[in-house]
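Structure data (mmCIF, C-alpha atoms, pLDDT in the B column; chains and numbers go by the auth columns) from work12.cif:
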data_data
loop_
_atom_site.group_PDB
_atom_site.id
_atom_site.type_symbol
_atom_site.label_atom_id
_atom_site.label_comp_id
_atom_site.label_asym_id
_atom_site.label_seq_id
_atom_site.Cartn_x
_atom_site.Cartn_y
_atom_site.Cartn_z
_atom_site.B_iso_or_equiv
_atom_site.auth_seq_id
_atom_site.auth_asym_id
ATOM 1 C CA MET A 1 -58.074 168.583 170.679 55.00 1 R
ATOM 2 C CA SER A 2 -61.115 166.924 169.108 68.00 2 R
ATOM 3 C CA ALA A 3 -60.994 163.368 167.824 81.00 3 R
ATOM 4 C CA ARG A 4 -60.496 162.785 164.094 89.00 4 R
ATOM 5 C CA ALA A 5 -63.612 161.518 162.357 90.00 5 R
ATOM 6 C CA LEU A 6 -63.766 157.818 161.602 91.00 6 R
ATOM 7 C CA LYS A 7 -64.626 158.118 157.921 91.00 7 R
ATOM 8 C CA PHE A 8 -65.400 154.533 157.012 96.00 8 R
ATOM 9 C CA GLU A 9 -68.578 152.791 155.892 96.00 9 R
ATOM 10 C CA VAL A 10 -69.532 149.138 156.114 96.00 10 R
ATOM 11 C CA GLY A 11 -69.021 147.715 152.633 97.00 11 R
ATOM 12 C CA GLN A 12 -66.230 150.143 151.707 98.00 12 R
ATOM 13 C CA THR A 13 -63.525 148.354 149.735 98.00 13 R
ATOM 14 C CA PHE A 14 -59.756 148.604 149.310 98.00 14 R
ATOM 15 C CA ALA A 15 -57.323 146.791 147.004 98.00 15 R
ATOM 16 C CA PHE A 16 -53.694 146.749 145.963 98.00 16 R
ATOM 17 C CA GLU A 17 -51.356 144.459 144.057 98.00 17 R
ATOM 18 C CA PHE A 18 -48.261 142.822 145.446 98.00 18 R
ATOM 19 C CA SER A 19 -45.745 140.100 144.830 98.00 19 R
ATOM 20 C CA VAL A 20 -43.038 138.535 146.955 98.00 20 R
ATOM 21 C CA SER A 21 -39.565 138.532 145.403 98.00 21 R
ATOM 22 C CA ALA A 22 -36.694 136.098 145.831 97.00 22 R
ATOM 23 C CA GLY A 23 -34.928 138.887 147.709 98.00 23 R
ATOM 24 C CA ASP A 24 -37.866 139.169 150.110 98.00 24 R
ATOM 25 C CA MET A 25 -37.623 135.425 150.732 98.00 25 R
ATOM 26 C CA HIS A 26 -33.875 135.612 151.410 98.00 26 R
ATOM 27 C CA SER A 27 -34.421 138.522 153.786 98.00 27 R
ATOM 28 C CA PHE A 28 -37.065 136.567 155.654 98.00 28 R
ATOM 29 C CA VAL A 29 -34.787 133.546 156.008 98.00 29 R
ATOM 30 C CA ALA A 30 -32.177 135.816 157.610 98.00 30 R
ATOM 31 C CA LEU A 31 -34.757 137.520 159.801 97.00 31 R
ATOM 32 C CA SER A 32 -36.686 134.460 160.969 97.00 32 R
ATOM 33 C CA ARG A 33 -33.947 131.825 160.732 97.00 33 R
ATOM 34 C CA ASP A 34 -36.582 129.602 159.145 98.00 34 R
ATOM 35 C CA SER A 35 -35.112 127.807 156.143 97.00 35 R
ATOM 36 C CA SER A 36 -37.714 125.079 155.812 97.00 36 R
ATOM 37 C CA PRO A 37 -37.152 123.234 152.508 98.00 37 R
ATOM 38 C CA VAL A 38 -40.635 123.919 151.175 98.00 38 R
ATOM 39 C CA HIS A 39 -39.753 127.631 151.263 98.00 39 R
ATOM 40 C CA VAL A 40 -36.159 127.482 149.997 97.00 40 R
ATOM 41 C CA ASP A 41 -35.658 124.242 148.012 97.00 41 R
ATOM 42 C CA ALA A 42 -37.510 124.174 144.676 97.00 42 R
ATOM 43 C CA GLY A 43 -36.754 120.477 144.180 97.00 43 R
ATOM 44 C CA PHE A 44 -38.225 119.598 147.552 98.00 44 R
ATOM 45 C CA ALA A 45 -41.283 121.790 146.897 97.00 45 R
ATOM 46 C CA LYS A 46 -41.922 120.111 143.533 97.00 46 R
ATOM 47 C CA ARG A 47 -41.491 116.632 144.988 97.00 47 R
ATOM 48 C CA SER A 48 -44.082 117.697 147.558 97.00 48 R
ATOM 49 C CA GLY A 49 -46.592 118.491 144.847 96.00 49 R
ATOM 50 C CA PHE A 50 -46.126 122.240 144.441 97.00 50 R
ATOM 51 C CA ASP A 51 -45.086 124.263 141.408 96.00 51 R
ATOM 52 C CA GLY A 52 -42.160 125.875 143.252 96.00 52 R
ATOM 53 C CA VAL A 53 -41.121 127.133 146.654 97.00 53 R
ATOM 54 C CA LEU A 54 -43.968 128.538 148.702 98.00 54 R
ATOM 55 C CA VAL A 55 -44.012 132.107 149.932 98.00 55 R
ATOM 56 C CA TYR A 56 -43.786 132.215 153.720 98.00 56 R
ATOM 57 C CA GLY A 57 -47.151 132.797 155.341 97.00 57 R
ATOM 58 C CA SER A 58 -45.589 135.515 157.438 97.00 58 R
ATOM 59 C CA LEU A 59 -44.688 137.412 154.267 98.00 59 R
ATOM 60 C CA MET A 60 -48.372 137.308 153.327 98.00 60 R
ATOM 61 C CA ALA A 61 -49.161 138.540 156.828 98.00 61 R
ATOM 62 C CA ALA A 62 -46.764 141.393 156.102 98.00 62 R
ATOM 63 C CA GLN A 63 -49.210 142.543 153.422 98.00 63 R
ATOM 64 C CA VAL A 64 -51.808 142.952 156.166 98.00 64 R
ATOM 65 C CA SER A 65 -49.334 145.232 157.905 98.00 65 R
ATOM 66 C CA ARG A 66 -48.908 147.212 154.690 98.00 66 R
ATOM 67 C CA PHE A 67 -52.684 147.481 154.376 98.00 67 R
ATOM 68 C CA VAL A 68 -53.113 148.714 157.944 98.00 68 R
ATOM 69 C CA GLY A 69 -50.120 151.011 158.007 97.00 69 R
ATOM 70 C CA MET A 70 -50.013 152.390 154.490 97.00 70 R
ATOM 71 C CA GLU A 71 -53.183 151.773 152.485 97.00 71 R
ATOM 72 C CA LEU A 72 -55.880 153.198 154.733 97.00 72 R
ATOM 73 C CA GLY A 73 -54.826 156.807 154.310 94.00 73 R
ATOM 74 C CA ARG A 74 -54.263 157.347 158.018 95.00 74 R
ATOM 75 C CA ASP A 75 -51.071 157.632 160.031 95.00 75 R
ATOM 76 C CA ASP A 76 -52.630 156.724 163.387 96.00 76 R
ATOM 77 C CA THR A 77 -53.485 153.065 162.829 97.00 77 R
ATOM 78 C CA LEU A 78 -52.858 150.250 165.281 97.00 78 R
ATOM 79 C CA GLU A 79 -53.591 146.608 164.457 96.00 79 R
ATOM 80 C CA VAL A 80 -55.392 145.138 167.467 95.00 80 R
ATOM 81 C CA GLY A 81 -56.492 141.763 166.124 94.00 81 R
ATOM 82 C CA LEU A 82 -55.672 139.476 163.227 95.00 82 R
ATOM 83 C CA HIS A 83 -57.015 136.154 161.987 96.00 83 R
ATOM 84 C CA LEU A 84 -55.381 134.710 158.881 97.00 84 R
ATOM 85 C CA ASP A 85 -56.007 131.437 157.027 97.00 85 R
ATOM 86 C CA PHE A 86 -53.762 130.134 154.268 97.00 86 R
ATOM 87 C CA VAL A 87 -55.921 128.545 151.604 95.00 87 R
ATOM 88 C CA ASN A 88 -53.702 127.894 148.580 96.00 88 R
ATOM 89 C CA PRO A 89 -50.018 128.284 147.755 97.00 89 R
ATOM 90 C CA LEU A 90 -48.528 131.600 146.698 98.00 90 R
ATOM 91 C CA TYR A 91 -45.337 131.373 144.694 98.00 91 R
ATOM 92 C CA VAL A 92 -42.366 133.701 144.525 97.00 92 R
ATOM 93 C CA GLU A 93 -42.828 136.563 142.023 97.00 93 R
ATOM 94 C CA GLN A 94 -46.484 135.566 141.468 98.00 94 R
ATOM 95 C CA ARG A 95 -48.709 138.616 141.102 98.00 95 R
ATOM 96 C CA ALA A 96 -51.388 138.800 143.774 98.00 96 R
ATOM 97 C CA VAL A 97 -54.151 141.157 144.788 98.00 97 R
ATOM 98 C CA PHE A 98 -54.945 142.079 148.368 98.00 98 R
ATOM 99 C CA SER A 99 -58.565 143.176 148.758 98.00 99 R
ATOM 100 C CA ALA A 100 -60.465 144.181 151.869 98.00 100 R
ATOM 101 C CA VAL A 101 -63.917 145.318 152.864 98.00 101 R
ATOM 102 C CA VAL A 102 -65.109 147.103 155.983 98.00 102 R
ATOM 103 C CA ASP A 103 -67.365 144.699 157.880 96.00 103 R
ATOM 104 C CA HIS A 104 -67.633 146.298 161.322 96.00 104 R
ATOM 105 C CA ILE A 105 -67.270 149.767 162.782 96.00 105 R
ATOM 106 C CA SER A 106 -66.972 150.178 166.539 96.00 106 R
ATOM 107 C CA ALA A 107 -67.359 153.878 167.250 94.00 107 R
ATOM 108 C CA ALA A 108 -67.008 153.249 170.980 94.00 108 R
ATOM 109 C CA THR A 109 -63.472 151.941 170.540 95.00 109 R
ATOM 110 C CA ALA A 110 -62.516 153.800 167.322 96.00 110 R
ATOM 111 C CA THR A 111 -61.907 150.385 165.806 97.00 111 R
ATOM 112 C CA VAL A 112 -62.785 149.205 162.311 97.00 112 R
ATOM 113 C CA GLY A 113 -62.951 145.556 161.297 97.00 113 R
ATOM 114 C CA PHE A 114 -61.982 144.459 157.814 98.00 114 R
ATOM 115 C CA LYS A 115 -62.435 141.143 156.050 98.00 115 R
ATOM 116 C CA PHE A 116 -59.683 140.585 153.537 98.00 116 R
ATOM 117 C CA LYS A 117 -58.408 138.095 151.022 98.00 117 R
ATOM 118 C CA MET A 118 -55.340 137.676 148.880 98.00 118 R
ATOM 119 C CA ALA A 119 -55.816 136.143 145.445 98.00 119 R
ATOM 120 C CA ALA A 120 -53.419 135.032 142.716 97.00 120 R
ATOM 121 C CA SER A 121 -54.342 133.575 139.334 93.00 121 R
ATOM 122 C CA ASP A 122 -58.029 133.825 140.298 91.00 122 R
ATOM 123 C CA ARG A 123 -57.519 131.637 143.368 96.00 123 R
ATOM 124 C CA THR A 124 -57.740 132.785 146.960 97.00 124 R
ATOM 125 C CA VAL A 125 -54.384 132.137 148.604 98.00 125 R
ATOM 126 C CA ALA A 126 -55.182 133.631 152.004 98.00 126 R
ATOM 127 C CA LYS A 127 -58.114 135.213 153.780 98.00 127 R
ATOM 128 C CA GLY A 128 -58.859 136.609 157.162 98.00 128 R
ATOM 129 C CA ARG A 129 -59.961 139.455 159.327 97.00 129 R
ATOM 130 C CA VAL A 130 -58.106 142.356 160.885 97.00 130 R
ATOM 131 C CA ASP A 131 -59.265 144.866 163.468 97.00 131 R
ATOM 132 C CA VAL A 132 -57.667 148.306 163.315 98.00 132 R
ATOM 133 C CA MET A 133 -57.846 151.007 165.954 97.00 133 R
ATOM 134 C CA PHE A 134 -57.491 154.628 164.878 97.00 134 R
ATOM 135 C CA LEU A 135 -55.622 156.256 167.700 96.00 135 R
ATOM 136 C CA GLU A 136 -56.608 159.848 166.962 95.00 136 R
ATOM 137 C CA SER A 137 -60.300 158.954 166.661 93.00 137 R
ATOM 138 C CA ARG A 138 -60.584 157.803 170.256 88.00 138 R
ATOM 139 C CA ALA A 139 -62.983 159.890 172.301 78.00 139 R
ATOM 140 C CA MET B 1 -93.518 142.846 179.609 40.00 1 B
ATOM 141 C CA THR B 2 -90.977 144.199 182.037 40.00 2 B
ATOM 142 C CA GLY B 3 -87.495 145.394 181.165 46.00 3 B
ATOM 143 C CA VAL B 4 -85.913 142.228 182.512 53.00 4 B
ATOM 144 C CA ALA B 5 -84.728 139.616 180.046 56.00 5 B
ATOM 145 C CA PRO B 6 -86.261 136.112 180.411 56.00 6 B
ATOM 146 C CA PRO B 7 -83.949 133.830 182.439 60.00 7 B
ATOM 147 C CA ALA B 8 -83.197 131.494 179.530 66.00 8 B
ATOM 148 C CA MET B 9 -82.193 134.393 177.292 66.00 9 B
ATOM 149 C CA ALA B 10 -80.127 135.945 180.070 71.00 10 B
ATOM 150 C CA ASP B 11 -78.309 132.621 180.603 84.00 11 B
ATOM 151 C CA LYS B 12 -77.500 132.419 176.898 90.00 12 B
ATOM 152 C CA VAL B 13 -76.105 135.957 176.902 94.00 13 B
ATOM 153 C CA TRP B 14 -73.916 135.127 179.903 95.00 14 B
ATOM 154 C CA ALA B 15 -72.718 131.956 178.175 95.00 15 B
ATOM 155 C CA ARG B 16 -71.911 133.721 174.905 96.00 16 B
ATOM 156 C CA ILE B 17 -70.055 136.504 176.687 97.00 17 B
ATOM 157 C CA GLY B 18 -68.208 133.918 178.762 96.00 18 B
ATOM 158 C CA THR B 19 -67.048 132.259 175.554 97.00 19 B
ATOM 159 C CA ILE B 20 -65.853 135.636 174.251 97.00 20 B
ATOM 160 C CA PHE B 21 -63.832 136.106 177.446 97.00 21 B
ATOM 161 C CA HIS B 22 -62.224 132.684 176.907 97.00 22 B
ATOM 162 C CA ASP B 23 -61.270 133.652 173.378 95.00 23 B
ATOM 163 C CA VAL B 24 -60.066 137.205 174.046 95.00 24 B
ATOM 164 C CA PHE B 25 -58.011 136.288 177.113 95.00 25 B
ATOM 165 C CA ASP B 26 -57.039 132.845 175.789 93.00 26 B
ATOM 166 C CA ASP B 27 -58.119 131.275 179.061 95.00 27 B
ATOM 167 C CA SER B 28 -60.909 128.715 179.091 95.00 28 B
ATOM 168 C CA THR B 29 -60.927 128.600 182.883 96.00 29 B
ATOM 169 C CA ILE B 30 -62.371 132.106 183.273 96.00 30 B
ATOM 170 C CA VAL B 31 -65.802 132.025 184.878 95.00 31 B
ATOM 171 C CA ILE B 32 -67.408 135.420 184.541 96.00 32 B
ATOM 172 C CA ARG B 33 -69.599 136.737 187.349 95.00 33 B
ATOM 173 C CA PRO B 34 -71.437 140.009 187.896 95.00 34 B
ATOM 174 C CA THR B 35 -68.936 141.622 190.269 96.00 35 B
ATOM 175 C CA MET B 36 -65.848 140.673 188.245 96.00 36 B
ATOM 176 C CA THR B 37 -63.621 143.621 187.253 96.00 37 B
ATOM 177 C CA ALA B 38 -60.632 144.066 184.975 95.00 38 B
ATOM 178 C CA ASP B 39 -58.282 143.821 187.958 95.00 39 B
ATOM 179 C CA GLU B 40 -59.306 140.194 188.440 95.00 40 B
ATOM 180 C CA VAL B 41 -58.495 138.975 184.926 95.00 41 B
ATOM 181 C CA ASP B 42 -54.901 138.505 183.800 94.00 42 B
ATOM 182 C CA GLY B 43 -54.227 140.525 180.662 94.00 43 B
ATOM 183 C CA TRP B 44 -57.349 142.694 180.837 96.00 44 B
ATOM 184 C CA ASP B 45 -55.559 145.872 179.775 94.00 45 B
ATOM 185 C CA SER B 46 -56.690 148.663 177.462 91.00 46 B
ATOM 186 C CA LEU B 47 -55.950 146.756 174.249 92.00 47 B
ATOM 187 C CA ALA B 48 -57.652 143.609 175.504 94.00 48 B
ATOM 188 C CA ASN B 49 -60.624 145.762 176.436 95.00 49 B
ATOM 189 C CA ILE B 50 -60.823 146.999 172.826 94.00 50 B
ATOM 190 C CA ARG B 51 -60.780 143.419 171.563 94.00 51 B
ATOM 191 C CA LEU B 52 -63.413 142.411 174.110 97.00 52 B
ATOM 192 C CA ILE B 53 -65.784 145.231 173.173 97.00 53 B
ATOM 193 C CA VAL B 54 -65.351 144.686 169.428 96.00 54 B
ATOM 194 C CA ALA B 55 -65.862 140.933 169.838 96.00 55 B
ATOM 195 C CA ILE B 56 -69.092 141.481 171.795 97.00 56 B
ATOM 196 C CA GLU B 57 -70.359 143.989 169.227 97.00 57 B
ATOM 197 C CA ARG B 58 -69.686 141.438 166.496 95.00 58 B
ATOM 198 C CA GLU B 59 -71.151 138.478 168.361 96.00 59 B
ATOM 199 C CA PHE B 60 -74.432 140.235 169.152 97.00 60 B
ATOM 200 C CA ASP B 61 -74.514 142.547 166.106 95.00 61 B
ATOM 201 C CA LEU B 62 -74.878 145.646 168.240 96.00 62 B
ATOM 202 C CA LYS B 63 -73.071 148.920 168.876 95.00 63 B
ATOM 203 C CA PHE B 64 -71.872 150.515 172.070 96.00 64 B
ATOM 204 C CA THR B 65 -71.158 154.192 172.551 95.00 65 B
ATOM 205 C CA SER B 66 -67.964 155.455 174.125 92.00 66 B
ATOM 206 C CA VAL B 67 -70.018 156.895 177.014 94.00 67 B
ATOM 207 C CA GLU B 68 -71.629 153.507 177.697 96.00 68 B
ATOM 208 C CA ILE B 69 -68.241 151.811 177.730 95.00 69 B
ATOM 209 C CA SER B 70 -66.652 154.421 179.985 93.00 70 B
ATOM 210 C CA GLN B 71 -69.397 153.981 182.589 95.00 71 B
ATOM 211 C CA LEU B 72 -69.044 150.206 182.958 96.00 72 B
ATOM 212 C CA GLU B 73 -67.657 149.143 186.318 95.00 73 B
ATOM 213 C CA ASN B 74 -67.907 145.349 186.165 96.00 74 B
ATOM 214 C CA VAL B 75 -68.924 142.374 184.055 96.00 75 B
ATOM 215 C CA GLY B 76 -72.468 142.432 185.393 95.00 76 B
ATOM 216 C CA GLN B 77 -72.974 145.932 184.033 96.00 77 B
ATOM 217 C CA LEU B 78 -71.478 144.879 180.703 97.00 78 B
ATOM 218 C CA VAL B 79 -73.852 141.927 180.398 96.00 79 B
ATOM 219 C CA ALA B 80 -76.803 144.079 181.470 95.00 80 B
ATOM 220 C CA LEU B 81 -75.895 146.615 178.780 96.00 81 B
ATOM 221 C CA VAL B 82 -75.818 143.872 176.156 97.00 82 B
ATOM 222 C CA GLN B 83 -79.154 142.508 177.369 94.00 83 B
ATOM 223 C CA SER B 84 -80.699 145.987 177.226 94.00 84 B
ATOM 224 C CA LYS B 85 -79.665 146.322 173.581 95.00 85 B
ATOM 225 C CA LEU B 86 -81.119 142.934 172.655 93.00 86 B
ATOM 226 C CA ARG B 87 -84.651 143.778 173.785 85.00 87 B
#

Take the structure in the file and write it out as structure tokens.
Amino acid sequence: MSARALKFEVGQTFAFEFSVSAGDMHSFVALSRDSSPVHVDAGFAKRSGFDGVLVYGSLMAAQVSRFVGMELGRDDTLEVGLHLDFVNPLYVEQRAVFSAVVDHISAATATVGFKFKMAASDRTVAKGRVDVMFLESRA
Amino acid sequence: MTGVAPPAMADKVWARIGTIFHDVFDDSTIVIRPTMTADEVDGWDSLANIRLIVAIEREFDLKFTSVEISQLENVGQLVALVQSKLR
């Protein structure tokens, strides 16, 4: 069986919208057992200088998983590296945009590198880099 | 001009690749040497190898081919391949 072509170009872009619901936050509390006040107590979050409870960083990381697994149009993806910085707060139910651009293509390893950012209300809330291997494109 | 990289440049390539090893394998005690193989480095499995190759491509802004990668037998050959692409 021949390898599937790696049809990406440096500079190619991707984008989708997302938001994190109160239900998502409750599910994550149950899953992670992390109920830090800044993520669950609006009063605490406001006393700490925020507009409301902060979305868990791991729920933003989950959007990277969605990007890799569902938004690239391939069913053979495997995330092999991730770097993620949290830059500004993201609030529950706040609309956000995940955007990514191809910045490196490694034909030898069938791996594509993407730079990405998540933005809400015209502010970057998170940014990073993810490397994705395409299993059926390996030689 | 021969095909051999100047010593200073070669040292810098070794140093930069050594730093990549520290990062990829999360071990700052690794000292790379020409005869070192994957068997000698904890965690150097197929996925780590992908990360290593991609990190080197990024660091030096170069591309490997799958044939080149499959023929590498040790770190010395890897460094020599990088040096050959930098000339």

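Proximity to R:Gly23 at 12 Å, evaluated using all atoms listed in the file and with sequence-adjacent residues fewer than 5 positions away removed, yields Phe28, Val29, Ala30, Val40, Val55, Leu59, Val92 and Glu93 of chain R.
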
Counting all atoms listed in the file, chain B residues within 10 Å of chain R, as a PDB file with C-alpha atoms, keeping the file's coordinate frame:
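The new file iface08.pdb reads:
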ATOM      1  CA  VAL B  24     -60.066 137.205 174.046  1.00 95.00           C
ATOM      2  CA  LEU B  47     -55.950 146.756 174.249  1.00 92.00           C
ATOM      3  CA  ALA B  48     -57.652 143.609 175.504  1.00 94.00           C
ATOM      4  CA  ASN B  49     -60.624 145.762 176.436  1.00 95.00           C
ATOM      5  CA  ILE B  50     -60.823 146.999 172.826  1.00 94.00           C
ATOM      6  CA  ARG B  51     -60.780 143.419 171.563  1.00 94.00           C
ATOM      7  CA  ILE B  53     -65.784 145.231 173.173  1.00 97.00           C
ATOM      8  CA  VAL B  54     -65.351 144.686 169.428  1.00 96.00           C
ATOM      9  CA  ALA B  55     -65.862 140.933 169.838  1.00 96.00           C
ATOM     10  CA  GLU B  57     -70.359 143.989 169.227  1.00 97.00           C
ATOM     11  CA  ARG B  58     -69.686 141.438 166.496  1.00 95.00           C
ATOM     12  CA  ASP B  61     -74.514 142.547 166.106  1.00 95.00           C
ATOM     13  CA  LEU B  62     -74.878 145.646 168.240  1.00 96.00           C
ATOM     14  CA  LYS B  63     -73.071 148.920 168.876  1.00 95.00           C
ATOM     15  CA  PHE B  64     -71.872 150.515 172.070  1.00 96.00           C
ATOM     16  CA  THR B  65     -71.158 154.192 172.551  1.00 95.00           C
ATOM     17  CA  SER B  66     -67.964 155.455 174.125  1.00 92.00           C
ATOM     18  CA  VAL B  67     -70.018 156.895 177.014  1.00 94.00           C
ATOM     19  CA  GLU B  68     -71.629 153.507 177.697  1.00 96.00           C
ATOM     20  CA  ILE B  69     -68.241 151.811 177.730  1.00 95.00           C
ATOM     21  CA  SER B  70     -66.652 154.421 179.985  1.00 93.00           C
TER      22      SER B  70
END

If you apply the PyMOL selection byres ((chain R and resi 5-18) around 7) to this file, what residues do you get, as a list in words?
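In the shown coordinates, the PyMOL selection byres ((chain R and resi 5-18) around 7) covers Ala3, Arg4, Ser19, Val20, Arg95, Ala96, Val97, Phe98, Ser99, Ala100, Val101, Val102, Asp103, His104 and Ser137 of chain R.
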
To verify the selection step, state as number ranges by chain which residues the PyMOL selection byres ((chain R and resi 128) around 8) yields on this input.
R: 82-85, 115-117, 126-127, 129-130

Which residues, written as a PyMOL selection string, have at least one atom at most 12 Å from B:Trp14, with all atoms listed in the file counted and residues fewer than 5 positions away on the same chain left out?
chain B and resi 5+7-9+19-21+31-34+56+60+75-83

Å distance separating atom CA of R:Met60 from atom CA of R:Ala22, one decimal place:
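If I compute the distance from atom CA of R:Met60 to atom CA of R:Ala22, I get 13.9 Å.
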
Which value, in Å to one decimal, gives the distance between atom CA of B:Ile30 and atom CA of R:Phe114?
28.3 Å

Given the PyMOL selection byres ((chain R and resi 78) around 8) and the file above, list the residues it selects as a ChimeraX atom specification.
/R:68-69,76-77,79-80,132-135

Residues of the last selection are to be written out with C-alpha atoms, as a JSON list (two decimals), keeping the file's coordinate frame.
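Below is the file that was written, out25.json:
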[["chain", "number", "residue", "atom", "x", "y", "z"],
["R", 68, "VAL", "CA", -53.11, 148.71, 157.94],
["R", 69, "GLY", "CA", -50.12, 151.01, 158.01],
["R", 76, "ASP", "CA", -52.63, 156.72, 163.39],
["R", 77, "THR", "CA", -53.48, 153.06, 162.83],
["R", 79, "GLU", "CA", -53.59, 146.61, 164.46],
["R", 80, "VAL", "CA", -55.39, 145.14, 167.47],
["R", 132, "VAL", "CA", -57.67, 148.31, 163.32],
["R", 133, "MET", "CA", -57.85, 151.01, 165.95],
["R", 134, "PHE", "CA", -57.49, 154.63, 164.88],
["R", 135, "LEU", "CA", -55.62, 156.26, 167.70]]

Fewer than 4 positions away in the same chain doesn't count, so skip those; otherwise give me all residues within 9 Å of stretch 47-49 of chain R, counting all atoms listed in the file, as a VMD selection string.
chain R and resid 38 42 to 43

Contacts of R:Leu54 at 6 Å or less, counting only C-alpha atoms, minus same-chain residues fewer than 6 places along, as a list of chain:residue names?
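The contact residues come out as R:His39, R:Leu90, R:Tyr91.
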
Using only the atoms of stretch 52-62 of chain B listed in the file, plus 3 Å on each side, state the axis-aligned box centre and edge lengths in Å rounded to one decimal, as AutoDock Vina command-line options.
--center_x -69.1 --center_y 142.1 --center_z 170.1 --size_x 17.5 --size_y 13.2 --size_z 14.0

Give me, please, the distance in Å between atom CA of R:Ala45 and atom CA of R:Asn88, quoted to one decimal.
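Distance between the two atoms: 13.9 Å.
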